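Asks: mmCIF, C-alpha atoms, saved as work20.cif, coming up:
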data_query
loop_
_atom_site.group_PDB
_atom_site.id
_atom_site.type_symbol
_atom_site.label_atom_id
_atom_site.label_comp_id
_atom_site.auth_asym_id
_atom_site.auth_seq_id
_atom_site.Cartn_x
_atom_site.Cartn_y
_atom_site.Cartn_z
ATOM 1 C CA MET N 1 2.754 -37.583 9.011
ATOM 2 C CA GLU N 2 5.215 -34.766 9.652
ATOM 3 C CA ILE N 3 5.233 -33.727 5.991
ATOM 4 C CA ILE N 4 1.453 -33.319 6.097
ATOM 5 C CA TYR N 5 1.731 -30.929 9.055
ATOM 6 C CA PHE N 6 4.414 -28.879 7.329
ATOM 7 C CA THR N 7 2.406 -28.744 4.098
ATOM 8 C CA LEU N 8 -0.817 -27.663 5.801
ATOM 9 C CA VAL N 9 0.991 -25.008 7.823
ATOM 10 C CA ALA N 10 2.756 -23.726 4.687
ATOM 11 C CA ILE N 11 -0.568 -23.349 2.878
ATOM 12 C CA GLY N 12 -2.007 -21.496 5.862
ATOM 13 C CA LEU N 13 1.050 -19.268 6.096
ATOM 14 C CA TYR N 14 0.630 -18.240 2.474
ATOM 15 C CA PHE N 15 -2.873 -16.925 3.140
ATOM 16 C CA VAL N 16 -1.959 -15.376 6.506
ATOM 17 C CA SER N 17 1.024 -13.582 4.969
ATOM 18 C CA ASP N 18 -1.136 -12.198 2.181
ATOM 19 C CA TRP N 19 -3.716 -11.025 4.725
ATOM 20 C CA ILE N 20 -1.029 -9.343 6.866
ATOM 21 C CA LEU N 21 0.406 -7.600 3.811
ATOM 22 C CA ASP N 22 -3.062 -6.401 2.785
ATOM 23 C CA ARG N 23 -3.659 -5.006 6.305
ATOM 24 C CA ILE N 24 -0.314 -3.167 6.236
ATOM 25 C CA GLU N 25 -1.042 -1.701 2.804
ATOM 26 C CA THR N 26 -4.547 -0.666 3.860
ATOM 27 C CA SER N 27 -3.266 1.141 6.942
ATOM 28 C CA ARG N 28 -0.503 2.717 4.867
ATOM 29 C CA GLY N 29 -2.978 3.903 2.250
ATOM 30 C CA ARG N 30 -1.121 2.667 -0.805
ATOM 31 C CA PRO N 31 0.532 -0.535 -2.026
ATOM 32 C CA PHE N 32 4.240 -1.190 -1.691
ATOM 33 C CA GLU N 33 6.375 -0.878 -4.806
ATOM 34 C CA ASN N 34 8.209 -4.124 -3.985
ATOM 35 C CA ARG N 35 5.188 -6.044 -2.726
ATOM 36 C CA SER N 36 6.722 -9.441 -3.460
ATOM 37 C CA VAL N 37 9.810 -8.675 -1.354
ATOM 38 C CA ILE N 38 7.681 -7.608 1.616
ATOM 39 C CA PHE N 39 5.526 -10.731 1.175
ATOM 40 C CA PHE N 40 8.664 -12.891 1.097
ATOM 41 C CA VAL N 41 9.984 -11.374 4.334
ATOM 42 C CA ILE N 42 6.646 -11.877 6.102
ATOM 43 C CA ILE N 43 6.251 -15.500 4.995
ATOM 44 C CA LEU N 44 9.924 -16.246 5.735
ATOM 45 C CA VAL N 45 9.681 -15.056 9.330
ATOM 46 C CA LEU N 46 6.363 -16.813 9.921
ATOM 47 C CA SER N 47 7.563 -20.065 8.358
ATOM 48 C CA VAL N 48 10.824 -20.214 10.308
ATOM 49 C CA VAL N 49 8.982 -19.644 13.588
ATOM 50 C CA SER N 50 6.147 -22.050 12.731
ATOM 51 C CA PHE N 51 8.417 -24.826 11.494
ATOM 52 C CA GLN N 52 10.623 -24.529 14.582
ATOM 53 C CA ILE N 53 7.539 -24.891 16.771
ATOM 54 C CA ILE N 54 6.326 -27.911 14.783
ATOM 55 C CA GLY N 55 9.785 -29.498 14.967
ATOM 56 C CA HIS N 56 9.911 -28.958 18.712
ATOM 57 C CA LEU N 57 6.428 -30.425 19.192
ATOM 58 C CA MET N 58 7.271 -33.460 17.045
ATOM 59 C CA ARG N 59 10.338 -34.246 19.175
ATOM 60 C CA SER N 60 8.342 -34.048 22.417
#
Using the file provided, produce a representation of the structure as structure tokens.
Replies:
Amino acid sequence: MEIIYFTLVAIGLYFVSDWILDRIETSRGRPFENRSVIFFVIILVLSVVSFQIIGHLMRS
């Protein structure tokens, strides 16, 4: 069951990260040159935090 939670959260994080990046680019007024690097950093931070929370909740 744990793998299903991680998979669903990962799919959600993909869309949330894209939305966050779009909001940043909109407020900035132009797209980033290295958009994929910025996207990677956003999804990396969100995934580490989310997966730590899921792991903690699964142990409880």
Asks: Could you name the residues that touch Phe40 of chain N at 10 Å or less, counting all atoms listed in the file, but leaving out those on the same chain fewer than 4 positions away, as an NGL selection string?
Replies: :N and (14 or 17-18 or 35-36 or 44-46)
Asks: Looking at all atoms listed in the file, which of N:Asp22, N:Arg28, N:Ile11, N:Tyr5 is the one that sits closest to Ile53 of chain N?
Replies: N:Tyr5
Asks: Taking all atoms listed in the file into account, name the residue in N:Ala10, N:Ser47, N:Ile42, N:Glu2 that is nearest to Ile24 of chain N.
Replies: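 So, comparing all the options, the nearest one is N:Ile42.
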Asks: Given the file shown, enumerate the residues that the PyMOL selection byres ((chain N and resi 54) around 12) captures and present them as a PyMOL selection string.
Replies: chain N and resi 1-10+47-53+55-60
Asks: So that I have them on file, write out the residues from the current selection with C-alpha atoms, as a short mmCIF file (atom, residue, chain, number, x, y, z; two decimals), in the frame of the given file.
Replies:
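again_0.cif, written as the output of this step:
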data_model
loop_
_atom_site.label_atom_id
_atom_site.label_comp_id
_atom_site.auth_asym_id
_atom_site.auth_seq_id
_atom_site.Cartn_x
_atom_site.Cartn_y
_atom_site.Cartn_z
CA MET N 1 2.75 -37.58 9.01
CA GLU N 2 5.22 -34.77 9.65
CA ILE N 3 5.23 -33.73 5.99
CA ILE N 4 1.45 -33.32 6.10
CA TYR N 5 1.73 -30.93 9.06
CA PHE N 6 4.41 -28.88 7.33
CA THR N 7 2.41 -28.74 4.10
CA LEU N 8 -0.82 -27.66 5.80
CA VAL N 9 0.99 -25.01 7.82
CA ALA N 10 2.76 -23.73 4.69
CA SER N 47 7.56 -20.07 8.36
CA VAL N 48 10.82 -20.21 10.31
CA VAL N 49 8.98 -19.64 13.59
CA SER N 50 6.15 -22.05 12.73
CA PHE N 51 8.42 -24.83 11.49
CA GLN N 52 10.62 -24.53 14.58
CA ILE N 53 7.54 -24.89 16.77
CA GLY N 55 9.78 -29.50 14.97
CA HIS N 56 9.91 -28.96 18.71
CA LEU N 57 6.43 -30.42 19.19
CA MET N 58 7.27 -33.46 17.05
CA ARG N 59 10.34 -34.25 19.18
CA SER N 60 8.34 -34.05 22.42
#
Asks: I'd like the interatomic distance between atom CA of Gly12 of chain N and atom CA of Gly29 of chain N, to a tenth of an Å.
Replies: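 Interatomic distance here is 25.7 Å.
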Asks: Please return the centre and edge lengths, in Å to one decimal, of a box with edges along x, y and z that contains all listed atoms of segment 3-7 of chain N, widened by 4 Å on every side, as lines of an AutoDock Vina configuration file.
Replies:
center_x = 3.3
center_y = -31.2
center_z = 6.6
size_x = 11.8
size_y = 13.0
size_z = 13.0
Asks: So the first atom is atom CA of Arg30 of chain N and the second is atom CA of Leu13 of chain N; what is the distance between them in Å, to one decimal place?
Replies: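 These two atoms are separated by 23.1 Å.
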